[in-house]
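K.L.:
File name target25.cif; file contents mmCIF, C-alpha atoms (C1' of nucleotides); full text below.
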```
data_model
#
loop_
_atom_site.label_atom_id
_atom_site.label_comp_id
_atom_site.auth_asym_id
_atom_site.auth_seq_id
_atom_site.Cartn_x
_atom_site.Cartn_y
_atom_site.Cartn_z
CA MET A 1 45.32 24.67 76.58
CA LEU A 2 47.67 22.30 78.28
CA GLU A 3 45.31 22.38 81.20
CA LEU A 4 42.48 20.97 79.10
CA ALA A 5 44.74 18.34 77.61
CA VAL A 6 45.92 17.22 81.02
CA LEU A 7 42.41 17.12 82.45
CA GLY A 8 41.24 15.15 79.45
CA LEU A 9 43.98 12.57 79.71
CA LEU A 10 43.71 12.18 83.46
CA SER A 11 39.98 11.65 83.15
CA GLU A 12 40.78 8.35 81.49
CA SER A 13 43.27 7.17 84.09
CA PRO A 14 45.81 8.51 86.60
CA LEU A 15 49.22 9.14 85.08
CA HIS A 16 52.59 10.50 86.02
CA GLY A 17 54.38 13.31 84.21
CA TYR A 18 56.39 11.25 81.78
CA GLU A 19 53.43 9.11 80.75
CA LEU A 20 51.37 12.25 80.37
CA ARG A 21 53.88 13.61 77.92
CA GLN A 22 53.87 10.34 75.93
CA ARG A 23 50.11 10.37 75.74
CA LEU A 24 50.15 14.00 74.73
CA LYS A 25 52.43 13.20 71.81
CA ALA A 26 50.43 10.14 70.83
CA THR A 27 47.06 11.83 71.08
CA LEU A 28 47.78 15.23 69.62
CA GLY A 29 50.33 13.97 67.15
CA ALA A 30 51.50 16.54 64.72
CA PHE A 31 49.29 19.30 66.05
CA ARG A 32 50.87 20.03 69.35
CA ALA A 33 53.73 18.69 71.35
CA PHE A 34 53.86 20.34 74.78
CA SER A 35 57.27 20.09 76.36
CA TYR A 36 58.16 19.32 79.93
CA GLY A 37 59.01 22.96 80.30
CA SER A 38 55.31 23.70 80.23
CA LEU A 39 53.97 20.41 81.50
CA TYR A 40 55.52 20.43 84.96
CA PRO A 41 54.70 24.05 85.77
CA THR A 42 51.16 23.41 84.56
CA LEU A 43 50.82 20.36 86.78
CA ARG A 44 52.03 22.45 89.69
CA ARG A 45 49.54 25.18 88.89
CA MET A 46 46.69 22.72 88.50
CA ARG A 47 47.59 21.09 91.77
CA ALA A 48 47.48 24.48 93.45
CA SER A 49 44.08 25.12 91.89
CA GLY A 50 42.86 21.82 93.21
CA TRP A 51 41.99 20.24 89.86
CA ILE A 52 44.42 17.39 90.36
CA ALA A 53 45.97 15.55 93.29
CA GLU A 54 49.29 13.80 93.36
CA HIS A 55 49.94 10.62 95.19
CA GLU A 56 53.22 8.81 95.68
CA GLY A 57 52.86 6.16 93.08
CA ASP A 58 56.15 4.45 93.55
CA ALA A 59 54.42 1.16 94.12
CA GLU A 60 56.42 -1.83 93.02
CA VAL A 61 59.06 -1.95 95.69
CA VAL A 62 58.05 -5.54 95.48
CA ALA A 63 58.93 -7.11 98.74
CA GLY A 64 61.73 -6.26 101.03
CA ALA A 65 63.61 -3.71 99.02
CA PRO A 66 64.35 -1.19 101.70
CA ALA A 67 64.71 1.76 99.42
CA LEU A 68 66.88 3.43 101.94
CA THR A 69 68.37 5.34 99.12
CA GLY A 70 65.93 8.19 99.07
CA ARG A 71 64.94 7.18 95.61
CA ARG A 72 62.36 9.43 94.28
CA GLY A 73 59.20 7.61 93.27
CA LYS A 74 57.01 8.52 90.37
CA VAL A 75 54.51 11.23 91.08
CA VAL A 76 51.14 10.05 89.89
CA TYR A 77 48.42 12.59 89.23
CA GLU A 78 44.70 12.01 89.26
CA LEU A 79 41.63 14.16 88.80
CA THR A 80 39.81 15.54 91.81
CA ALA A 81 36.07 16.12 91.85
CA GLU A 82 36.72 19.81 91.15
CA GLY A 83 38.97 18.77 88.30
CA LYS A 84 36.16 16.80 86.73
CA GLU A 85 33.90 19.82 87.01
CA ARG A 86 36.58 21.98 85.48
CA LEU A 87 36.97 19.54 82.60
CA ALA A 88 33.23 19.53 81.94
CA GLU A 89 33.28 23.32 81.98
CA LEU A 90 36.12 23.52 79.46
CA LEU A 91 34.57 20.90 77.21
CA ALA A 92 31.30 22.82 77.17
CA GLU A 93 32.96 25.94 75.79
CA ALA A 94 32.05 26.50 72.18
CA GLY A 95 33.65 29.86 71.51
CA PRO A 96 36.69 31.09 69.61
CA SER A 97 38.88 29.73 72.37
CA ALA A 98 37.90 26.29 71.12
CA TRP A 99 38.48 26.72 67.41
CA GLU A 100 41.62 28.78 67.11
CA ASP A 101 44.72 27.15 65.70
CA GLU A 102 46.41 26.28 68.94
CA SER A 103 43.35 25.02 70.76
CA PHE A 104 41.24 23.27 68.16
CA GLY A 105 43.31 20.10 68.07
CA VAL A 106 43.10 19.68 71.82
CA HIS A 107 39.36 20.22 71.91
CA PHE A 108 38.89 17.86 69.01
CA ALA A 109 40.97 15.16 70.68
CA PHE A 110 38.44 15.02 73.50
CA PHE A 111 35.32 15.23 71.36
CA SER A 112 34.10 11.85 72.56
CA GLN A 113 33.64 13.47 75.97
CA THR A 114 31.99 16.54 74.43
CA ALA A 115 28.29 17.16 73.91
CA PRO A 116 27.16 16.66 70.29
CA GLU A 117 25.84 20.23 69.89
CA VAL A 118 29.10 21.61 71.16
CA ARG A 119 31.00 19.43 68.74
CA VAL A 120 29.10 20.80 65.78
CA ARG A 121 29.44 24.38 66.97
CA ILE A 122 33.19 24.00 67.32
CA LEU A 123 33.57 22.33 63.93
CA GLU A 124 31.55 25.06 62.28
CA GLY A 125 33.44 27.79 64.11
CA ARG A 126 36.70 26.27 63.02
CA ARG A 127 35.47 26.05 59.46
CA SER A 128 34.41 29.70 59.25
CA ARG A 129 37.70 30.70 60.75
CA LEU A 130 39.50 28.81 58.01
CA GLU A 131 37.17 30.10 55.32
CA GLU A 132 38.06 33.65 56.30
CA ARG A 133 41.71 32.79 56.08
CA ARG A 134 41.14 31.11 52.74
CA GLU A 135 39.46 34.19 51.30
CA GLY A 136 42.26 36.35 52.61
CA ALA A 137 44.83 34.11 50.98
CA ARG A 138 42.91 34.00 47.70
CA SER A 139 42.53 37.73 47.36
CA SER A 140 46.12 38.23 48.41
CA LEU A 141 47.16 35.86 45.65
CA LYS A 142 44.99 37.58 43.05
CA ARG A 143 46.13 41.00 44.11
CA ALA A 144 49.80 40.48 44.49
CA SER A 145 50.88 37.27 42.83
CA SER A 146 52.58 39.17 40.01
CA ARG A 147 54.73 41.06 42.49
CA MET A 148 55.69 37.94 44.47
CA ASP A 149 58.80 35.96 43.83
CA ARG A 150 58.66 32.28 43.00
CA TYR A 151 59.07 31.09 46.58
CA THR A 152 56.61 33.41 48.23
CA LEU A 153 54.13 32.31 45.61
CA GLN A 154 54.80 28.64 46.30
CA LEU A 155 54.36 29.24 49.99
CA GLN A 156 51.07 31.05 49.48
CA GLU A 157 49.72 28.38 47.20
CA HIS A 158 50.73 25.57 49.48
CA GLY A 159 49.16 27.39 52.40
CA LEU A 160 45.97 27.98 50.48
CA GLU A 161 45.71 24.33 49.49
CA SER A 162 46.27 23.26 53.08
CA VAL A 163 43.45 25.48 54.23
CA GLU A 164 41.15 24.23 51.48
CA ARG A 165 41.95 20.67 52.44
CA GLU A 166 41.13 21.28 56.07
CA VAL A 167 37.87 22.98 55.15
CA ARG A 168 36.82 19.91 53.17
CA TRP A 169 37.77 17.68 56.08
CA LEU A 170 35.70 19.77 58.47
CA THR A 171 32.74 19.76 56.13
CA GLU A 172 32.79 15.98 56.03
CA LEU A 173 33.03 15.81 59.79
CA ILE A 174 30.12 18.20 60.19
CA GLU A 175 27.96 16.17 57.87
CA THR A 176 28.81 12.97 59.68
CA GLU A 177 28.09 14.68 62.95
CA ARG A 178 24.70 15.90 61.77
CA SER A 179 23.54 12.66 60.29
CA ALA A 180 24.73 10.73 63.29
CA GLY A 181 22.87 13.10 65.55
CA THR A 182 19.49 13.03 63.82
CA THR A 183 18.99 9.59 62.36
CA PRO A 184 20.07 6.63 64.30
CA PRO A 185 19.49 5.37 67.75
CA HIS A 186 21.52 2.57 66.27
CA PRO A 187 25.00 3.59 65.26
CA ALA A 188 26.16 0.93 62.89
CA ASP A 189 29.36 2.93 62.92
CA PRO A 190 29.56 4.48 59.46
CA GLN A 191 32.92 4.55 57.72
CA MET B 192 62.52 34.15 63.90
CA LEU B 193 60.80 37.48 63.83
CA GLU B 194 64.23 39.01 63.54
CA LEU B 195 64.90 37.18 60.29
CA ALA B 196 61.49 38.09 58.94
CA VAL B 197 62.00 41.76 59.72
CA LEU B 198 65.48 41.81 58.23
CA GLY B 199 64.19 40.09 55.13
CA LEU B 200 61.34 42.49 54.63
CA LEU B 201 63.41 45.58 55.32
CA SER B 202 66.00 44.43 52.83
CA GLU B 203 63.42 45.05 50.13
CA SER B 204 62.44 48.52 51.30
CA PRO B 205 62.22 50.62 54.47
CA LEU B 206 58.93 50.19 56.30
CA HIS B 207 57.21 51.30 59.45
CA GLY B 208 55.75 48.97 62.08
CA TYR B 209 52.23 48.76 60.78
CA GLU B 210 53.32 48.12 57.22
CA LEU B 211 55.76 45.53 58.48
CA ARG B 212 52.93 43.67 60.14
CA GLN B 213 50.83 43.78 56.95
CA ARG B 214 53.70 42.44 54.91
CA LEU B 215 54.32 39.76 57.50
CA LYS B 216 50.74 38.58 57.17
CA ALA B 217 50.80 38.77 53.39
CA THR B 218 54.14 37.03 53.03
CA LEU B 219 53.88 34.32 55.63
CA GLY B 220 50.17 33.85 55.21
CA ALA B 221 48.78 30.94 57.13
CA PHE B 222 52.11 29.84 58.54
CA ARG B 223 52.85 32.55 60.97
CA ALA B 224 51.22 35.75 62.09
CA PHE B 225 53.45 37.69 64.49
CA SER B 226 51.53 40.14 66.60
CA TYR B 227 52.45 43.68 67.55
CA GLY B 228 53.16 42.33 70.97
CA SER B 229 56.28 40.71 69.58
CA LEU B 230 56.94 43.02 66.65
CA TYR B 231 57.55 46.24 68.55
CA PRO B 232 59.79 44.73 71.22
CA THR B 233 61.74 43.00 68.47
CA LEU B 234 62.19 46.23 66.57
CA ARG B 235 63.44 47.85 69.74
CA ARG B 236 65.86 45.03 70.35
CA MET B 237 67.10 45.08 66.79
CA ARG B 238 67.59 48.80 66.95
CA ALA B 239 69.66 48.35 70.10
CA SER B 240 71.73 45.69 68.33
CA GLY B 241 72.32 48.06 65.47
CA TRP B 242 70.72 45.94 62.74
CA ILE B 243 68.16 48.60 61.91
CA ALA B 244 67.89 52.36 62.16
CA GLU B 245 64.75 54.39 62.55
CA HIS B 246 64.18 57.67 60.88
CA GLU B 247 61.25 60.03 61.24
CA GLY B 248 59.40 59.11 58.14
CA ASP B 249 56.31 61.26 58.23
CA ALA B 250 56.61 61.41 54.46
CA GLU B 251 53.50 62.03 52.40
CA VAL B 252 52.94 65.66 53.09
CA VAL B 253 52.19 65.56 49.43
CA ALA B 254 52.32 69.20 48.50
CA GLY B 255 52.09 72.08 50.89
CA ALA B 256 50.40 70.45 53.87
CA PRO B 257 52.08 72.10 56.82
CA ALA B 258 51.50 69.48 59.52
CA LEU B 259 52.35 71.95 62.24
CA THR B 260 50.39 69.93 64.77
CA GLY B 261 53.00 67.96 66.63
CA ARG B 262 51.53 64.85 65.21
CA ARG B 263 53.54 61.80 65.80
CA GLY B 264 55.00 60.71 62.51
CA LYS B 265 55.41 57.17 61.44
CA VAL B 266 58.62 55.56 62.55
CA VAL B 267 60.26 54.14 59.48
CA TYR B 268 62.88 51.45 59.89
CA GLU B 269 65.64 50.59 57.47
CA LEU B 270 68.51 48.14 57.42
CA THR B 271 71.96 49.24 58.46
CA ALA B 272 75.12 47.77 56.96
CA GLU B 273 75.40 45.49 59.99
CA GLY B 274 71.80 44.51 59.50
CA LYS B 275 72.56 43.38 55.99
CA GLU B 276 75.44 41.31 57.26
CA ARG B 277 73.24 39.83 59.93
CA LEU B 278 70.62 38.94 57.33
CA ALA B 279 73.22 37.23 55.14
CA GLU B 280 74.40 35.31 58.17
CA LEU B 281 70.92 34.12 59.07
CA LEU B 282 70.12 33.19 55.48
CA ALA B 283 73.28 31.10 55.28
CA GLU B 284 72.24 28.93 58.21
CA ALA B 285 71.22 25.50 57.08
CA GLY B 286 70.68 23.71 60.37
CA PRO B 287 67.68 22.53 62.36
CA SER B 288 66.97 26.12 63.29
CA ALA B 289 65.98 26.62 59.67
CA TRP B 290 63.70 23.64 59.16
CA GLU B 291 61.75 23.32 62.36
CA ASP B 292 58.05 24.03 62.25
CA GLU B 293 58.15 27.60 63.46
CA SER B 294 61.10 28.72 61.41
CA PHE B 295 60.84 26.90 58.11
CA GLY B 296 58.16 29.15 56.65
CA VAL B 297 60.16 32.27 57.37
CA HIS B 298 63.33 30.86 55.85
CA PHE B 299 61.41 29.64 52.83
CA ALA B 300 59.80 33.02 52.31
CA PHE B 301 63.22 34.53 51.72
CA PHE B 302 64.62 31.74 49.60
CA SER B 303 65.13 34.05 46.65
CA GLN B 304 67.81 35.76 48.73
CA THR B 305 69.27 32.42 49.83
CA ALA B 306 72.12 30.50 48.23
CA PRO B 307 70.96 27.52 46.12
CA GLU B 308 72.93 24.92 48.13
CA VAL B 309 71.46 26.26 51.34
CA ARG B 310 67.97 26.10 49.86
CA VAL B 311 68.36 22.42 49.03
CA ARG B 312 69.87 21.61 52.42
CA ILE B 313 66.98 23.29 54.19
CA LEU B 314 64.35 21.60 52.04
CA GLU B 315 65.96 18.22 52.64
CA GLY B 316 66.29 18.86 56.34
CA ARG B 317 62.66 19.82 56.51
CA ARG B 318 61.69 16.72 54.61
CA SER B 319 63.60 14.32 56.87
CA ARG B 320 62.10 16.04 59.86
CA LEU B 321 58.64 15.41 58.46
CA GLU B 322 59.48 11.88 57.43
CA GLU B 323 60.42 11.09 61.02
CA ARG B 324 57.16 12.53 62.19
CA ARG B 325 55.29 10.57 59.53
CA GLU B 326 56.83 7.30 60.65
CA GLY B 327 56.01 8.10 64.23
CA ALA B 328 52.43 8.78 63.30
CA ARG B 329 52.17 5.64 61.18
CA SER B 330 53.47 3.31 63.85
CA SER B 331 51.35 5.03 66.44
CA LEU B 332 48.32 4.39 64.25
CA LYS B 333 49.21 0.76 63.68
CA ARG B 334 49.98 0.17 67.31
CA ALA B 335 47.10 1.93 68.95
CA SER B 336 44.35 2.60 66.46
CA SER B 337 42.14 -0.06 67.99
CA ARG B 338 42.34 1.60 71.37
CA MET B 339 41.62 5.08 70.02
CA ASP B 340 38.20 6.59 69.87
CA ARG B 341 36.73 7.78 66.61
CA TYR B 342 37.89 11.38 66.99
CA THR B 343 41.44 10.71 68.05
CA LEU B 344 41.68 8.42 65.07
CA GLN B 345 40.33 11.08 62.72
CA LEU B 346 42.83 13.56 64.10
CA GLN B 347 45.73 11.17 63.66
CA GLU B 348 44.74 10.31 60.12
CA HIS B 349 44.24 13.91 59.14
CA GLY B 350 47.60 14.79 60.66
CA LEU B 351 49.31 11.94 58.87
CA GLU B 352 47.84 12.95 55.53
CA SER B 353 48.94 16.54 56.09
CA VAL B 354 52.47 15.42 56.72
CA GLU B 355 52.45 13.14 53.68
CA ARG B 356 51.20 15.99 51.58
CA GLU B 357 53.93 18.31 52.75
CA VAL B 358 56.56 15.66 52.10
CA ARG B 359 55.36 15.36 48.50
CA TRP B 360 55.43 19.12 48.15
CA LEU B 361 59.00 19.27 49.44
CA THR B 362 60.10 16.47 47.15
CA GLU B 363 58.80 18.38 44.15
CA LEU B 364 60.53 21.53 45.29
CA ILE B 365 63.81 19.69 45.78
CA GLU B 366 63.63 18.19 42.32
CA THR B 367 62.89 21.56 40.79
CA GLU B 368 65.73 23.04 42.76
CA ARG B 369 68.17 20.38 41.60
CA SER B 370 67.28 20.54 37.95
CA ALA B 371 67.32 24.31 37.98
CA GLY B 372 70.76 24.23 39.51
CA THR B 373 72.29 23.39 36.09
CA THR B 374 75.50 22.71 37.99
CA PRO B 375 74.86 19.10 38.71
CA PRO B 376 77.21 16.73 36.98
CA HIS B 377 78.14 16.11 40.60
CA PRO B 378 75.32 14.75 42.69
CA ALA B 379 77.62 13.02 45.19
CA ASP B 380 76.44 13.70 48.73
CA PRO B 381 74.12 10.98 49.93
CA GLN B 382 72.31 11.32 53.24
"C1'" DA C 383 28.65 66.61 63.64
"C1'" DT C 384 29.25 62.32 64.72
"C1'" DG C 385 30.71 58.15 64.87
"C1'" DC C 386 33.30 54.27 62.95
"C1'" DG C 387 36.76 51.52 60.89
"C1'" DA C 388 41.44 51.67 59.32
"C1'" DT C 389 45.96 53.27 60.45
"C1'" DG C 390 49.53 53.67 63.80
"C1'" DT C 391 52.58 52.84 68.16
"C1'" DA C 392 53.11 50.61 72.34
"C1'" DT C 393 52.92 47.61 76.86
"C1'" DC C 394 51.64 43.78 80.06
"C1'" DG C 395 50.87 39.25 81.62
"C1'" DC C 396 50.77 34.88 80.22
"C1'" DT C 397 51.73 30.28 77.91
"C1'" DC C 398 54.79 27.57 75.93
"C1'" DC C 399 59.34 25.99 74.04
"C1'" DG C 400 64.21 24.45 73.98
"C1'" DA C 401 68.10 23.69 76.51
"C1'" DT C 402 69.78 21.88 80.34
"C1'" DA C 403 70.53 19.31 84.62
"C1'" DC C 404 70.39 15.30 87.18
"C1'" DA C 405 69.13 10.61 88.71
"C1'" DT C 406 67.62 5.70 88.00
"C1'" DC C 407 66.74 1.45 85.39
"C1'" DG C 408 67.26 -2.46 82.29
"C1'" DG C 409 69.74 -4.56 78.91
"C1'" DA C 410 73.63 -5.21 75.38
"C1'" DG C 411 78.30 -6.10 74.81
"C1'" DC C 412 82.84 -6.83 76.67
"C1'" DG D 413 80.93 -9.12 86.61
"C1'" DC D 414 81.27 -4.41 84.62
"C1'" DT D 415 80.41 -0.60 82.02
"C1'" DC D 416 78.13 2.07 78.92
"C1'" DC D 417 73.81 3.59 76.82
"C1'" DG D 418 69.28 4.70 75.88
"C1'" DA D 419 64.84 4.99 77.98
"C1'" DT D 420 62.48 6.57 81.97
"C1'" DG D 421 61.63 10.18 85.19
"C1'" DT D 422 61.35 15.04 87.44
"C1'" DA D 423 62.47 19.66 87.28
"C1'" DT D 424 64.05 24.74 86.19
"C1'" DC D 425 65.38 28.83 83.45
"C1'" DG D 426 65.49 32.31 79.90
"C1'" DG D 427 63.30 33.92 76.21
"C1'" DA D 428 59.94 34.18 72.20
"C1'" DG D 429 55.64 35.12 70.89
"C1'" DC D 430 50.48 35.94 71.68
"C1'" DG D 431 46.12 38.20 73.00
"C1'" DA D 432 44.22 41.86 75.22
"C1'" DT D 433 44.37 46.37 75.86
"C1'" DA D 434 45.26 51.33 75.57
"C1'" DC D 435 45.37 55.44 73.13
"C1'" DA D 436 45.59 58.72 69.24
"C1'" DT D 437 44.71 60.19 64.37
"C1'" DC D 438 42.73 59.97 59.71
"C1'" DG D 439 39.29 59.71 56.16
"C1'" DC D 440 34.77 58.63 55.06
"C1'" DA D 441 29.86 57.75 55.33
"C1'" DT D 442 25.74 58.87 57.54
#
```
What does the file become when written as structure tokens?
P.N.:
Amino acid sequence: MLELAVLGLLSESPLHGYELRQRLKATLGAFRAFSYGSLYPTLRRMRASGWIAEHEGDAEVVAGAPALTGRRGKVVYELTAEGKERLAELLAEAGPSAWEDESFGVHFAFFSQTAPEVRVRILEGRRSRLEERREGARSSLKRASSRMDRYTLQLQEHGLESVEREVRWLTELIETERSAGTTPPHPADPQ
Amino acid sequence: MLELAVLGLLSESPLHGYELRQRLKATLGAFRAFSYGSLYPTLRRMRASGWIAEHEGDAEVVAGAPALTGRRGKVVYELTAEGKERLAELLAEAGPSAWEDESFGVHFAFFSQTAPEVRVRILEGRRSRLEERREGARSSLKRASSRMDRYTLQLQEHGLESVEREVRWLTELIETERSAGTTPPHPADPQ
DNA sequence: ATGCGATGTATCGCTCCGATACATCGGAGC
DNA sequence: GCTCCGATGTATCGGAGCGATACATCGCAT
């Protein structure tokens, strides 16, 4: 997952670790954080795989500053050609690995780089996944709500409403996606 | 986390692994799953710590069924005295470890076994946590929404609304909690 | 009888998190 | 000028939890 996120972000511009983390937080928001404890090892792994290259991006020593103090410069990462291929490959995936809880947000965040058919497939996959969960929650509530204590019940209901809300959201997105795909060569940017 | 969930469930009745997993799904619903890959190791660990004891619970031989075949019986776990103490200890915790994303649901699910003051502290802690996140999301939206593509924007907005929704939910719960407390000629305690 | 889905216990490799460590930089306040 | 502090910046370690997988039994439908 982190791999996709990193590839996606670096495809916009080269970044160093810290910036990457900031962008991750800003882009994925509430859905996923990704700590340095996974970021740095992932960058290392991706470098070893050849998806990214690092270059000493210290830059800005301005003029004469000798920098004799072995100050460590920022390590800036950028996509390699293989990395771009890898990104395309990951963005083309339209299976469960794209619509499960942990991964959906990341895939969605890079939808503008994703093929329209793939977008719809992922949105629909995500929706069915949530519909299953919704039905499970509903029948669980019907079956056992009398045996549940107040708090368990509250938790179940809140969870169910969250799922219902997300299903509605997805349905809207799918409709937008469909109508944008078929009708207009001229996107007057609805909404 | 799993440890608390297991202790909480076993405090209601002894269960074997498979049942435990079912109850976990039913109780925590959408919030948390917990796979066997963590359940069994956790049970082992808890057994080693002395919180739980396992007893050969083949049970259900109904009437005369001999069951001579060395069939492996279910392994039924039950709380020990130390386990009950441990549960009480965990339920009394009212710090960040109780209101972070991963843990809040589990703590909430066992609120009926939790002291009323602790319940309120946890709900409030959770709410401030989410309020921070909400402010972060809001300022991020204000600051950068023009630079975001359509999908990133959608994701941010959906995330923000989810957080706002959960804050409202928590506020209701806190109010209910306070008014149910019947003890409160003494609100005191700002923050 | 045969196979199939639910029940049941268990492990392995992996990703990711939280805590921690350490170093530099720019500015605020003394 | 000096010192502290929070933001920037890179990095590791231990542990929790997940998904896949394996294997065996049970009851039921075909």
K.L.:
CA of Gly208 (chain B) and CA of Gly220 (chain B) are how many Å apart?
P.N.:
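Here the two named atoms are 17.5 Å from each other.
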K.L.:
With the file shown as input, list the residues that the PyMOL selection byres ((chain A) within 9 of (chain B)) selects, as a PyMOL selection string.
P.N.:
chain A and resi 26-31+105+108-112+133-134+136-137+140+148-156+158-160+162-163+165-166+169
K.L.:
Please produce an output containing C-alpha atoms for each residue in the selection, written as an mmCIF file, in the frame of the given file.
P.N.:
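This is the output file again11.cif:
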```cif
data_model
loop_
_atom_site.group_PDB
_atom_site.id
_atom_site.type_symbol
_atom_site.label_atom_id
_atom_site.label_comp_id
_atom_site.auth_asym_id
_atom_site.auth_seq_id
_atom_site.Cartn_x
_atom_site.Cartn_y
_atom_site.Cartn_z
ATOM 1 C CA ALA A 26 50.430 10.140 70.830
ATOM 2 C CA THR A 27 47.060 11.830 71.080
ATOM 3 C CA LEU A 28 47.780 15.230 69.620
ATOM 4 C CA GLY A 29 50.330 13.970 67.150
ATOM 5 C CA ALA A 30 51.500 16.540 64.720
ATOM 6 C CA PHE A 31 49.290 19.300 66.050
ATOM 7 C CA GLY A 105 43.310 20.100 68.070
ATOM 8 C CA PHE A 108 38.890 17.860 69.010
ATOM 9 C CA ALA A 109 40.970 15.160 70.680
ATOM 10 C CA PHE A 110 38.440 15.020 73.500
ATOM 11 C CA PHE A 111 35.320 15.230 71.360
ATOM 12 C CA SER A 112 34.100 11.850 72.560
ATOM 13 C CA ARG A 133 41.710 32.790 56.080
ATOM 14 C CA ARG A 134 41.140 31.110 52.740
ATOM 15 C CA GLY A 136 42.260 36.350 52.610
ATOM 16 C CA ALA A 137 44.830 34.110 50.980
ATOM 17 C CA SER A 140 46.120 38.230 48.410
ATOM 18 C CA MET A 148 55.690 37.940 44.470
ATOM 19 C CA ASP A 149 58.800 35.960 43.830
ATOM 20 C CA ARG A 150 58.660 32.280 43.000
ATOM 21 C CA TYR A 151 59.070 31.090 46.580
ATOM 22 C CA THR A 152 56.610 33.410 48.230
ATOM 23 C CA LEU A 153 54.130 32.310 45.610
ATOM 24 C CA GLN A 154 54.800 28.640 46.300
ATOM 25 C CA LEU A 155 54.360 29.240 49.990
ATOM 26 C CA GLN A 156 51.070 31.050 49.480
ATOM 27 C CA HIS A 158 50.730 25.570 49.480
ATOM 28 C CA GLY A 159 49.160 27.390 52.400
ATOM 29 C CA LEU A 160 45.970 27.980 50.480
ATOM 30 C CA SER A 162 46.270 23.260 53.080
ATOM 31 C CA VAL A 163 43.450 25.480 54.230
ATOM 32 C CA ARG A 165 41.950 20.670 52.440
ATOM 33 C CA GLU A 166 41.130 21.280 56.070
ATOM 34 C CA TRP A 169 37.770 17.680 56.080
#
```
K.L.:
For the interface of chain A with chain C (cut-off 12 Å, counting all atoms listed in the file), please tabulate each contacting residue of chain A alongside its nearest pair of atoms and their separation in Å to one decimal, rows sorted by chain and increasing number, as JSON lines.
P.N.:
```
{"residue": "A:Met1", "atom": "CA", "partner": "C:DT397", "partner_atom": "C1'", "distance": 8.6}
{"residue": "A:Leu2", "atom": "CA", "partner": "C:DT397", "partner_atom": "C1'", "distance": 9.0}
{"residue": "A:Glu3", "atom": "CA", "partner": "C:DT397", "partner_atom": "C1'", "distance": 10.7}
{"residue": "A:Arg32", "atom": "CA", "partner": "C:DC398", "partner_atom": "C1'", "distance": 10.7}
{"residue": "A:Ala33", "atom": "CA", "partner": "C:DC399", "partner_atom": "C1'", "distance": 9.6}
{"residue": "A:Phe34", "atom": "CA", "partner": "C:DC398", "partner_atom": "C1'", "distance": 7.4}
{"residue": "A:Ser35", "atom": "CA", "partner": "C:DC399", "partner_atom": "C1'", "distance": 6.7}
{"residue": "A:Tyr36", "atom": "CA", "partner": "C:DC399", "partner_atom": "C1'", "distance": 9.0}
{"residue": "A:Gly37", "atom": "CA", "partner": "C:DC399", "partner_atom": "C1'", "distance": 7.0}
{"residue": "A:Ser38", "atom": "CA", "partner": "C:DC398", "partner_atom": "C1'", "distance": 5.8}
{"residue": "A:Leu39", "atom": "CA", "partner": "C:DC398", "partner_atom": "C1'", "distance": 9.1}
{"residue": "A:Tyr40", "atom": "CA", "partner": "C:DC398", "partner_atom": "C1'", "distance": 11.5}
{"residue": "A:Pro41", "atom": "CA", "partner": "C:DC398", "partner_atom": "C1'", "distance": 10.5}
{"residue": "A:Thr42", "atom": "CA", "partner": "C:DT397", "partner_atom": "C1'", "distance": 9.6}
{"residue": "A:Thr69", "atom": "CA", "partner": "C:DT406", "partner_atom": "C1'", "distance": 11.2}
{"residue": "A:Gly70", "atom": "CA", "partner": "C:DA405", "partner_atom": "C1'", "distance": 11.1}
{"residue": "A:Arg71", "atom": "CA", "partner": "C:DT406", "partner_atom": "C1'", "distance": 8.2}
{"residue": "A:Arg72", "atom": "CA", "partner": "C:DA405", "partner_atom": "C1'", "distance": 8.8}
{"residue": "A:Gly73", "atom": "CA", "partner": "C:DT406", "partner_atom": "C1'", "distance": 10.1}
{"residue": "A:Lys74", "atom": "CA", "partner": "C:DT406", "partner_atom": "C1'", "distance": 11.2}
{"residue": "A:Glu102", "atom": "CA", "partner": "C:DC398", "partner_atom": "C1'", "distance": 11.0}
```
K.L.:
Generate a file of the selected residues that holds C-alpha atoms, formatted as a tab-separated table (two decimals), in the coordinates of the input.
P.N.:
```tsv
chain	number	residue	atom	x	y	z
A	1	MET	CA	45.32	24.67	76.58
A	2	LEU	CA	47.67	22.30	78.28
A	3	GLU	CA	45.31	22.38	81.20
A	32	ARG	CA	50.87	20.03	69.35
A	33	ALA	CA	53.73	18.69	71.35
A	34	PHE	CA	53.86	20.34	74.78
A	35	SER	CA	57.27	20.09	76.36
A	36	TYR	CA	58.16	19.32	79.93
A	37	GLY	CA	59.01	22.96	80.30
A	38	SER	CA	55.31	23.70	80.23
A	39	LEU	CA	53.97	20.41	81.50
A	40	TYR	CA	55.52	20.43	84.96
A	41	PRO	CA	54.70	24.05	85.77
A	42	THR	CA	51.16	23.41	84.56
A	69	THR	CA	68.37	5.34	99.12
A	70	GLY	CA	65.93	8.19	99.07
A	71	ARG	CA	64.94	7.18	95.61
A	72	ARG	CA	62.36	9.43	94.28
A	73	GLY	CA	59.20	7.61	93.27
A	74	LYS	CA	57.01	8.52	90.37
A	102	GLU	CA	46.41	26.28	68.94
```
K.L.:
Cα-based RMSD, chain B fitted onto chain A, all atoms paired in sequence order: value?
P.N.:
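Result of the CA superposition: 4.2 Å.
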K.L.:
Just want the 9 Å neighbourhood of region 113-115 of chain A, counted on only C-alpha atoms (C1' of nucleotides), with same-chain residues fewer than 6 positions away dropped. Output as number ranges by chain.
P.N.:
A: 8, 88, 91-92, 107
